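File shown here: my_file_26.pdb, holding PDB, C-alpha atoms.
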ATOM      1  CA  MET A  21      12.347  -1.644  -4.060
ATOM      2  CA  PHE A  22       8.667  -2.599  -4.110
ATOM      3  CA  VAL A  23       7.146  -2.229  -7.592
ATOM      4  CA  GLY A  24       3.447  -2.685  -8.090
ATOM      5  CA  ASP A  25      -0.068  -1.520  -8.719
ATOM      6  CA  SER A  26      -2.987  -0.808  -6.389
ATOM      7  CA  MET A  27      -2.364  -4.009  -4.443
ATOM      8  CA  THR A  28       1.097  -2.728  -3.526
ATOM      9  CA  ILE A  29       0.597   0.989  -3.000
ATOM     10  CA  GLY A  30      -2.476   0.380  -0.838
ATOM     11  CA  SER A  31      -5.035   2.982   0.139
ATOM     12  CA  THR A  32      -5.854   5.142   3.142
ATOM     13  CA  GLY A  33      -6.015   3.077   6.318
ATOM     14  CA  ASP A  34      -4.130   0.040   4.973
ATOM     15  CA  PHE A  35      -1.089  -1.556   6.554
ATOM     16  CA  THR A  36       0.028  -2.815   3.061
ATOM     17  CA  TRP A  37       2.036  -5.929   2.328
ATOM     18  CA  ARG A  38       5.070  -3.640   2.138
ATOM     19  CA  TYR A  39       4.636  -3.007   5.851
ATOM     20  CA  ARG A  40       4.375  -6.744   6.493
ATOM     21  CA  MET A  41       7.618  -7.290   4.581
ATOM     22  CA  TRP A  42       9.341  -4.561   6.580
ATOM     23  CA  GLN A  43       8.249  -6.281   9.792
ATOM     24  CA  HIS A  44       9.494  -9.611   8.481
ATOM     25  CA  LEU A  45      12.894  -8.308   7.442
ATOM     26  CA  ASN A  46      13.395  -6.613  10.778
ATOM     27  CA  ALA A  47      12.603  -9.867  12.558
ATOM     28  CA  ALA A  48      14.328 -12.377  10.266
ATOM     29  CA  TYR A  49      17.139 -10.643   8.375
ATOM     30  CA  ASP A  50      20.407 -10.134  10.228
ATOM     31  CA  GLY A  51      22.084  -7.741   7.812
ATOM     32  CA  PRO A  52      21.609  -4.047   7.086
ATOM     33  CA  TYR A  53      19.185  -3.123   4.351
ATOM     34  CA  ARG A  54      17.343  -0.125   2.937
ATOM     35  CA  ILE A  55      13.917   0.116   1.365
ATOM     36  CA  VAL A  56      14.161   2.550  -1.538
ATOM     37  CA  GLY A  57      11.971   4.197  -4.140
ATOM     38  CA  PRO A  58      10.675   7.549  -5.373
ATOM     39  CA  ARG A  59       7.255   7.370  -3.676
ATOM     40  CA  HIS A  60       6.066   6.876  -0.097
ATOM     41  CA  THR A  61       2.335   7.604   0.075
ATOM     42  CA  LEU A  62      -0.900   5.614  -0.167
ATOM     43  CA  HIS A  63      -3.744   6.103  -2.611
ATOM     44  CA  ASP A  64      -6.440   8.431  -1.291
ATOM     45  CA  PRO A  65      -9.746   7.083  -2.680
ATOM     46  CA  THR A  66     -11.601  10.291  -1.819
ATOM     47  CA  ALA A  67      -9.259  12.524  -3.774
ATOM     48  CA  GLY A  68      -8.333   9.902  -6.355
ATOM     49  CA  THR A  69      -4.645  10.722  -5.886
ATOM     50  CA  ALA A  70      -1.629   9.148  -4.225
ATOM     51  CA  THR A  71      -1.466  11.713  -1.441
ATOM     52  CA  SER A  72      -2.411   9.849   1.723
ATOM     53  CA  SER A  73       0.037   9.264   4.564
ATOM     54  CA  ALA A  74      -2.595   7.586   6.760
ATOM     55  CA  TYR A  75      -1.069   4.137   7.145
ATOM     56  CA  ALA A  76      -2.827   1.859   9.643
ATOM     57  CA  ASP A  77       0.340   1.945  11.746
ATOM     58  CA  PRO A  78       1.490   5.556  12.096
ATOM     59  CA  GLY A  79       4.764   4.191  13.464
ATOM     60  CA  PHE A  80       5.697   2.822  10.028
ATOM     61  CA  PRO A  81       8.790   4.995   9.424
ATOM     62  CA  ASP A  82       8.910   7.218   6.379
ATOM     63  CA  GLY A  83      12.070   5.606   5.037
ATOM     64  CA  ALA A  84      10.489   2.162   5.109
ATOM     65  CA  ARG A  85       7.434   3.442   3.215
ATOM     66  CA  ARG A  86       9.418   3.991   0.012
ATOM     67  CA  HIS A  87       8.163   2.265  -3.141
ATOM     68  CA  LEU A  88       7.483   2.518  -6.853
ATOM     69  CA  ALA A  89       3.811   1.588  -6.985
ATOM     70  CA  GLY A  90       0.698   3.289  -8.275
ATOM     71  CA  TRP A  91      -3.044   2.820  -8.383
ATOM     72  CA  GLY A  92      -3.917   1.863 -11.949
ATOM     73  CA  GLU A  93      -0.311   1.325 -13.054
ATOM     74  CA  GLY A  94       1.053  -1.852 -14.601
ATOM     75  CA  TRP A  95       3.993  -3.271 -16.530
ATOM     76  CA  LEU A  96       3.121  -0.834 -19.318
ATOM     77  CA  HIS A  97       3.620   2.123 -16.992
ATOM     78  CA  MET A  98       6.554   0.849 -14.942
ATOM     79  CA  ALA A  99       8.783  -0.323 -17.782
ATOM     80  CA  PRO A 100       9.664   3.277 -18.787
ATOM     81  CA  LEU A 101      10.205   4.300 -15.139
ATOM     82  CA  ILE A 102      12.213   1.439 -13.695
ATOM     83  CA  GLY A 103      15.613   2.278 -15.150
ATOM     84  CA  ASP A 104      15.727   5.771 -13.702
ATOM     85  CA  ALA A 105      14.320   4.609 -10.359
ATOM     86  CA  VAL A 106      16.912   1.827 -10.029
ATOM     87  CA  ARG A 107      19.713   4.183 -11.010
ATOM     88  CA  ARG A 108      18.693   7.076  -8.749
ATOM     89  CA  TYR A 109      17.898   5.007  -5.675
ATOM     90  CA  GLU A 110      20.580   2.336  -6.167
ATOM     91  CA  ALA A 111      18.160  -0.561  -5.873
ATOM     92  CA  ASP A 112      19.684  -4.028  -6.043
ATOM     93  CA  THR A 113      16.538  -6.127  -5.446
ATOM     94  CA  LEU A 114      13.064  -5.643  -6.906
ATOM     95  CA  LEU A 115       9.879  -7.183  -5.507
ATOM     96  CA  VAL A 116       7.351  -6.874  -8.326
ATOM     97  CA  SER A 117       3.587  -7.411  -8.327
ATOM     98  CA  LEU A 118       2.072  -6.266 -11.619
ATOM     99  CA  GLY A 119      -0.134  -7.468 -14.451
ATOM    100  CA  LEU A 120      -3.774  -7.293 -13.403
ATOM    101  CA  ILE A 121      -4.199  -3.682 -14.503
ATOM    102  CA  ASP A 122      -2.456  -4.345 -17.827
ATOM    103  CA  LEU A 123      -4.705  -7.267 -18.672
ATOM    104  CA  GLY A 124      -7.811  -5.501 -17.447
ATOM    105  CA  PHE A 125      -7.405  -2.246 -19.340
ATOM    106  CA  TYR A 126      -4.370  -1.941 -21.594
ATOM    107  CA  THR A 127      -2.710  -5.016 -23.107
ATOM    108  CA  ASN A 128      -3.338  -8.687 -23.800
ATOM    109  CA  ALA A 129      -1.218 -11.470 -22.317
ATOM    110  CA  GLU A 130       1.407 -11.462 -25.071
ATOM    111  CA  GLN A 131       1.788  -7.674 -25.065
ATOM    112  CA  THR A 132       2.008  -7.646 -21.275
ATOM    113  CA  ALA A 133       4.736 -10.288 -21.373
ATOM    114  CA  GLU A 134       6.699  -8.130 -23.805
ATOM    115  CA  ASN A 135       6.505  -5.277 -21.314
ATOM    116  CA  VAL A 136       7.871  -7.622 -18.639
ATOM    117  CA  ARG A 137      10.910  -8.208 -20.825
ATOM    118  CA  ARG A 138      11.258  -4.491 -21.522
ATOM    119  CA  PHE A 139      11.073  -3.798 -17.765
ATOM    120  CA  VAL A 140      13.839  -6.308 -17.020
ATOM    121  CA  ALA A 141      16.041  -4.916 -19.775
ATOM    122  CA  GLN A 142      15.662  -1.356 -18.487
ATOM    123  CA  ALA A 143      16.373  -2.380 -14.903
ATOM    124  CA  ARG A 144      19.518  -4.234 -15.992
ATOM    125  CA  GLN A 145      20.710  -1.340 -18.081
ATOM    126  CA  ALA A 146      20.665   0.731 -14.895
ATOM    127  CA  ALA A 147      22.108  -2.025 -12.655
ATOM    128  CA  PRO A 148      23.539  -5.080 -14.468
ATOM    129  CA  HIS A 149      23.481  -7.197 -11.298
ATOM    130  CA  ILE A 150      19.914  -6.382 -10.273
ATOM    131  CA  ARG A 151      17.868  -9.288  -8.957
ATOM    132  CA  ALA A 152      14.089  -9.520  -8.850
ATOM    133  CA  VAL A 153      11.205 -11.567  -7.526
ATOM    134  CA  LEU A 154       8.068 -11.493  -9.688
ATOM    135  CA  ILE A 155       4.681 -12.811  -8.619
ATOM    136  CA  PRO A 156       1.986 -14.068 -11.016
ATOM    137  CA  VAL A 157      -1.393 -12.422 -11.318
ATOM    138  CA  ILE A 158      -3.238 -13.944  -8.372
ATOM    139  CA  PRO A 159      -6.919 -14.977  -8.262
ATOM    140  CA  ASN A 160      -9.360 -12.082  -8.321
ATOM    141  CA  VAL A 161     -13.083 -11.578  -8.615
ATOM    142  CA  ARG A 162     -13.071 -10.486 -12.263
ATOM    143  CA  ALA A 163     -11.087 -13.521 -13.388
ATOM    144  CA  ALA A 164     -13.576 -15.738 -11.587
ATOM    145  CA  ALA A 165     -16.607 -14.064 -13.169
ATOM    146  CA  ASP A 166     -15.258 -13.386 -16.682
ATOM    147  CA  ALA A 167     -13.995 -16.532 -18.404
ATOM    148  CA  ALA A 168     -12.202 -14.652 -21.179
ATOM    149  CA  PHE A 169     -10.374 -12.433 -18.697
ATOM    150  CA  GLY A 170      -9.539 -15.428 -16.552
ATOM    151  CA  ALA A 171      -8.015 -17.118 -19.596
ATOM    152  CA  GLU A 172      -5.877 -14.035 -20.268
ATOM    153  CA  CYS A 173      -4.619 -14.119 -16.678
ATOM    154  CA  THR A 174      -3.750 -17.816 -17.012
ATOM    155  CA  ARG A 175      -1.985 -17.240 -20.329
ATOM    156  CA  PHE A 176      -0.037 -14.286 -18.957
ATOM    157  CA  ASN A 177       1.108 -16.298 -15.954
ATOM    158  CA  GLU A 178       2.425 -18.963 -18.329
ATOM    159  CA  LEU A 179       4.299 -16.308 -20.313
ATOM    160  CA  LEU A 180       5.607 -14.707 -17.120
ATOM    161  CA  ALA A 181       7.056 -18.044 -16.000
ATOM    162  CA  LYS A 182       8.699 -18.429 -19.405
ATOM    163  CA  ALA A 183      10.139 -14.914 -19.255
ATOM    164  CA  VAL A 184      11.621 -15.570 -15.821
ATOM    165  CA  ALA A 185      13.157 -18.827 -17.043
ATOM    166  CA  ASP A 186      14.490 -17.226 -20.243
ATOM    167  CA  LEU A 187      15.875 -14.060 -18.681
ATOM    168  CA  SER A 188      17.310 -15.204 -15.353
ATOM    169  CA  THR A 189      21.106 -15.289 -15.270
ATOM    170  CA  PRO A 190      23.648 -16.078 -12.532
ATOM    171  CA  ALA A 191      24.687 -12.421 -12.531
ATOM    172  CA  SER A 192      21.129 -11.076 -12.473
ATOM    173  CA  PRO A 193      18.800 -13.751 -11.087
ATOM    174  CA  LEU A 194      15.027 -13.648 -11.415
ATOM    175  CA  LEU A 195      12.617 -15.616  -9.239
ATOM    176  CA  LEU A 196       8.983 -16.457  -9.811
ATOM    177  CA  ALA A 197       7.193 -16.333  -6.467
ATOM    178  CA  SER A 198       4.482 -18.895  -5.906
ATOM    179  CA  GLU A 199       0.845 -17.898  -5.803
ATOM    180  CA  PRO A 200      -0.091 -18.018  -2.107
ATOM    181  CA  ALA A 201      -1.624 -21.448  -1.522
ATOM    182  CA  ALA A 202      -4.142 -20.095   0.973
ATOM    183  CA  TRP A 203      -5.354 -17.253  -1.266
ATOM    184  CA  GLU A 204      -9.147 -17.167  -1.250
ATOM    185  CA  THR A 205     -10.645 -13.931  -2.531
ATOM    186  CA  GLY A 206     -13.345 -13.897   0.130
ATOM    187  CA  ARG A 207     -10.769 -13.977   2.918
ATOM    188  CA  ALA A 208      -7.588 -12.582   1.388
ATOM    189  CA  THR A 209      -9.206  -9.491  -0.152
ATOM    190  CA  TYR A 210     -11.677  -6.885   1.023
ATOM    191  CA  ASP A 211     -13.281  -6.340  -2.382
ATOM    192  CA  GLY A 212     -12.340  -9.335  -4.507
ATOM    193  CA  THR A 213      -9.014  -7.826  -5.597
ATOM    194  CA  HIS A 214      -7.209  -5.722  -2.996
ATOM    195  CA  PRO A 215      -5.591  -7.499  -0.048
ATOM    196  CA  SER A 216      -7.148  -7.587   3.375
ATOM    197  CA  GLU A 217      -4.836  -7.902   6.376
ATOM    198  CA  CYS A 218      -4.808 -11.647   5.727
ATOM    199  CA  GLY A 219      -3.936 -11.062   2.085
ATOM    200  CA  GLU A 220      -1.151  -8.646   3.013
ATOM    201  CA  HIS A 221       0.511 -11.407   5.022
ATOM    202  CA  LEU A 222       0.039 -13.911   2.196
ATOM    203  CA  LEU A 223       1.648 -11.595  -0.366
ATOM    204  CA  ALA A 224       4.554 -10.683   1.892
ATOM    205  CA  GLY A 225       5.005 -14.371   2.665
ATOM    206  CA  ALA A 226       5.166 -15.306  -1.012
ATOM    207  CA  PHE A 227       8.001 -12.859  -1.615
ATOM    208  CA  ALA A 228       9.791 -13.571   1.657
ATOM    209  CA  ASP A 229       9.729 -17.330   1.170
ATOM    210  CA  ALA A 230      11.007 -17.045  -2.408
ATOM    211  CA  MET A 231      13.973 -14.931  -1.279
ATOM    212  CA  HIS A 232      14.708 -17.190   1.665
ATOM    213  CA  GLN A 233      14.544 -20.423  -0.324
ATOM    214  CA  ALA A 234      16.553 -19.216  -3.328
ATOM    215  CA  TRP A 235      18.939 -16.664  -1.855
ATOM    216  CA  GLY A 236      19.041 -17.370   1.880
ATOM    217  CA  VAL A 237      17.586 -13.952   2.709
ATOM    218  CA  GLY A 238      15.985 -13.845   6.153
ATOM    219  CA  GLY A 239      13.931 -16.855   7.177
ATOM    220  CA  PRO A 240      10.567 -18.438   6.453
ATOM    221  CA  TYR A 241       7.711 -15.974   6.757
ATOM    222  CA  THR A 242       5.693 -16.074   9.946
ATOM    223  CA  ALA A 243       2.481 -14.059   9.823
ATOM    224  CA  GLY A 244       2.350 -11.450  12.515
ATOM    225  CA  ALA A 245       5.970 -11.857  13.546
ATOM    226  CA  PRO A 246       6.882  -8.860  15.712
ATOM    227  CA  ALA A 247       9.403  -6.438  14.350
ATOM    228  CA  GLY A 248      12.840  -6.758  15.841
ATOM    229  CA  ALA A 249      15.478  -4.060  15.963
ATOM    230  CA  VAL A 250      14.703  -1.603  13.196
ATOM    231  CA  ALA A 251      17.244  -1.822  10.401
ATOM    232  CA  PRO A 252      18.460   1.267   8.535
ATOM    233  CA  VAL A 253      15.954   2.480   5.994
TER     234      VAL A 253
END

Let me see the structure of the file written as structure tokens.
Amino acid sequence: MFVGDSMTIGSTGDFTWRYRMWQHLNAAYDGPYRIVGPRHTLHDPTAGTATSSAYADPGFPDGARRHLAGWGEGWLHMAPLIGDAVRRYEADTLLVSLGLIDLGFYTNAEQTAENVRRFVAQARQAAPHIRAVLIPVIPNVRAAADAAFGAECTRFNELLAKAVADLSTPASPLLLASEPAAWETGRATYDGTHPSECGEHLLAGAFADAMHQAWGVGGPYTAGAPAGAVAPV
């Protein structure tokens, strides 16, 4: 299950990094899998609602579009939702990209880190053996221009790493994905925050490589790898 904010849900006309991950799993993972979640649409910037089905690739199957992501939603919003979503859709692996919205509008670094811990607790209550990959807040235009906000992002990333280290267990492992080494906002985003096609590949690669290195899932990420036989979704 993909869990995230505007960078994960995407908007009208995007491929999304979720699509890139679906391509990667089809090409590199030799077992059956399902992508699950209560939502399947993109954000429609004209309407201001999550009602768009206009993915850049119309052949992206509906089942593979499933997610729990929302424009303007963060750890604060997802912590109360994750337990029910995991339980209803029988998720066993979470790929989570959250935090920028929290720090920008709702909570400071320490409060956001507490919501990370609340999120993990709720997910485990629903599925004690859940595993998750979490990615830090990655470089963005506001953090570069606003020193105080940039410091909050840095502090949160430190607290996120600590939470992953504190909370990971053999029965319910947590991974901290690496910030994509090649992430440059001018190339990896189209507006300083949201991923361009290049950025979509970098985000998918960060998650894919973490799962491959730690859990042996699939293989190393190769940008633009063609989809193989479509797995069940």

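Note that the spacing between atom CA of Glu93 of chain A and atom CA of Asp25 of chain A amounts to 5.2 Å.
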
Can you check which parts of segment 168-237 of chain A lie within 7 Å of segment 126-143 of chain A? Per residue, the shortest pair of atoms and distance in Å to one decimal, counting only C-alpha atoms, sorted by chain and number, as CSV.
residue,atom,partner,partner_atom,distance
A:Glu172,CA,A:Ala129,CA,5.7
A:Arg175,CA,A:Ala129,CA,6.2
A:Phe176,CA,A:Ala129,CA,4.5
A:Leu179,CA,A:Ala133,CA,6.1
A:Leu180,CA,A:Ala133,CA,6.2
A:Ala183,CA,A:Arg137,CA,6.9

Q: Check the smallest atom-to-atom distance from each of A:Thr213, A:Ala191, A:Phe125, A:Leu45 to Asp229 of chain A using only C-alpha atoms, then report the winner.
A: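 Ranking A:Thr213, A:Ala191, A:Phe125, A:Leu45 by distance to Asp229 of chain A, first place goes to A:Leu45.
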
Exercise. Can you list, as a ChimeraX atom specification, the residues that the PyMOL selection byres ((chain A and resi 83-86) around 10) selects here?
Worked result: /A:21-22,29,36,38-39,41-43,54-62,73,75,80-82,87-89,250-253

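Taken over the shown file, the PyMOL selection byres ((chain A and resi 70) around 9) identifies A:Ile29, A:Ser31, A:Thr61, A:Leu62, A:His63, A:Asp64, A:Pro65, A:Ala67, A:Gly68, A:Thr69, A:Thr71, A:Ser72, A:Ser73, A:Gly90, A:Trp91.
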
Checklist entry - Leaving out Arg151 of chain A and any residue of its chain fewer than 4 positions from it, which residues lie within 9 Å of it when counting all atoms listed in the file, given as a list in words? => result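 My list of contacting residues is Asp112, Thr113, Leu114, Leu115, Arg144, Ser188, Ala191, Ser192, Pro193, Leu194 and Leu195 of chain A.
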
Limited to C-alpha atoms, could you put the picked residues into a file as a PDB file, in the frame of the given file?
ATOM      1  CA  ASP A 112      19.684  -4.028  -6.043  1.00  0.00           C
ATOM      2  CA  THR A 113      16.538  -6.127  -5.446  1.00  0.00           C
ATOM      3  CA  LEU A 114      13.064  -5.643  -6.906  1.00  0.00           C
ATOM      4  CA  LEU A 115       9.879  -7.183  -5.507  1.00  0.00           C
ATOM      5  CA  ARG A 144      19.518  -4.234 -15.992  1.00  0.00           C
ATOM      6  CA  SER A 188      17.310 -15.204 -15.353  1.00  0.00           C
ATOM      7  CA  ALA A 191      24.687 -12.421 -12.531  1.00  0.00           C
ATOM      8  CA  SER A 192      21.129 -11.076 -12.473  1.00  0.00           C
ATOM      9  CA  PRO A 193      18.800 -13.751 -11.087  1.00  0.00           C
ATOM     10  CA  LEU A 194      15.027 -13.648 -11.415  1.00  0.00           C
ATOM     11  CA  LEU A 195      12.617 -15.616  -9.239  1.00  0.00           C
TER      12      LEU A 195
END

The residue from A:Ser198, A:Thr28, A:Thr242, A:Thr66 with the smallest atom-to-atom distance to Ser216 of chain A, counting all atoms listed in the file, is A:Thr28

Given the PyMOL selection byres ((chain A and resi 160) around 10) and the file above, list the residues it selects as a VMD selection string. chain A and resid 120 157 to 159 161 to 165 170 173 203 to 206 208 to 209 211 to 214

Selection file, C-alpha atoms, as a PDB file, in the coordinates of the input:
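Dumped everything to again.pdb:
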ATOM      1  CA  LEU A 120      -3.774  -7.293 -13.403  1.00  0.00           C
ATOM      2  CA  VAL A 157      -1.393 -12.422 -11.318  1.00  0.00           C
ATOM      3  CA  ILE A 158      -3.238 -13.944  -8.372  1.00  0.00           C
ATOM      4  CA  PRO A 159      -6.919 -14.977  -8.262  1.00  0.00           C
ATOM      5  CA  VAL A 161     -13.083 -11.578  -8.615  1.00  0.00           C
ATOM      6  CA  ARG A 162     -13.071 -10.486 -12.263  1.00  0.00           C
ATOM      7  CA  ALA A 163     -11.087 -13.521 -13.388  1.00  0.00           C
ATOM      8  CA  ALA A 164     -13.576 -15.738 -11.587  1.00  0.00           C
ATOM      9  CA  ALA A 165     -16.607 -14.064 -13.169  1.00  0.00           C
ATOM     10  CA  GLY A 170      -9.539 -15.428 -16.552  1.00  0.00           C
ATOM     11  CA  CYS A 173      -4.619 -14.119 -16.678  1.00  0.00           C
ATOM     12  CA  TRP A 203      -5.354 -17.253  -1.266  1.00  0.00           C
ATOM     13  CA  GLU A 204      -9.147 -17.167  -1.250  1.00  0.00           C
ATOM     14  CA  THR A 205     -10.645 -13.931  -2.531  1.00  0.00           C
ATOM     15  CA  GLY A 206     -13.345 -13.897   0.130  1.00  0.00           C
ATOM     16  CA  ALA A 208      -7.588 -12.582   1.388  1.00  0.00           C
ATOM     17  CA  THR A 209      -9.206  -9.491  -0.152  1.00  0.00           C
ATOM     18  CA  ASP A 211     -13.281  -6.340  -2.382  1.00  0.00           C
ATOM     19  CA  GLY A 212     -12.340  -9.335  -4.507  1.00  0.00           C
ATOM     20  CA  THR A 213      -9.014  -7.826  -5.597  1.00  0.00           C
ATOM     21  CA  HIS A 214      -7.209  -5.722  -2.996  1.00  0.00           C
TER      22      HIS A 214
END

Here atom CA of Arg207 of chain A and atom CA of Ser26 of chain A stand apart by 17.9 Å

Report, as lines of an AutoDock Vina configuration file, the axis-aligned box around all atoms of segment 99-102 of chain A present in the file, extended by 3 Å on each side; give centre and edge lengths in Å to one decimal place.
center_x = 10.5
center_y = 2.0
center_z = -16.2
size_x = 9.4
size_y = 10.6
size_z = 11.1

Residues near Phe227 of chain A, cut-off 10 Å, all atoms listed in the file, skip fewer than 5 positions along chain, as a short mmCIF file (atom, residue, chain, number, x, y, z; two decimals) with C-alpha atoms, in the coordinates of the input:
data_model
loop_
_atom_site.label_atom_id
_atom_site.label_comp_id
_atom_site.auth_asym_id
_atom_site.auth_seq_id
_atom_site.Cartn_x
_atom_site.Cartn_y
_atom_site.Cartn_z
CA TRP A 37 2.04 -5.93 2.33
CA MET A 41 7.62 -7.29 4.58
CA LEU A 115 9.88 -7.18 -5.51
CA VAL A 116 7.35 -6.87 -8.33
CA SER A 117 3.59 -7.41 -8.33
CA VAL A 153 11.20 -11.57 -7.53
CA LEU A 154 8.07 -11.49 -9.69
CA ILE A 155 4.68 -12.81 -8.62
CA LEU A 195 12.62 -15.62 -9.24
CA LEU A 196 8.98 -16.46 -9.81
CA ALA A 197 7.19 -16.33 -6.47
CA SER A 198 4.48 -18.90 -5.91
CA GLU A 199 0.84 -17.90 -5.80
CA PRO A 200 -0.09 -18.02 -2.11
CA LEU A 222 0.04 -13.91 2.20
CA HIS A 232 14.71 -17.19 1.66
CA TYR A 241 7.71 -15.97 6.76
#
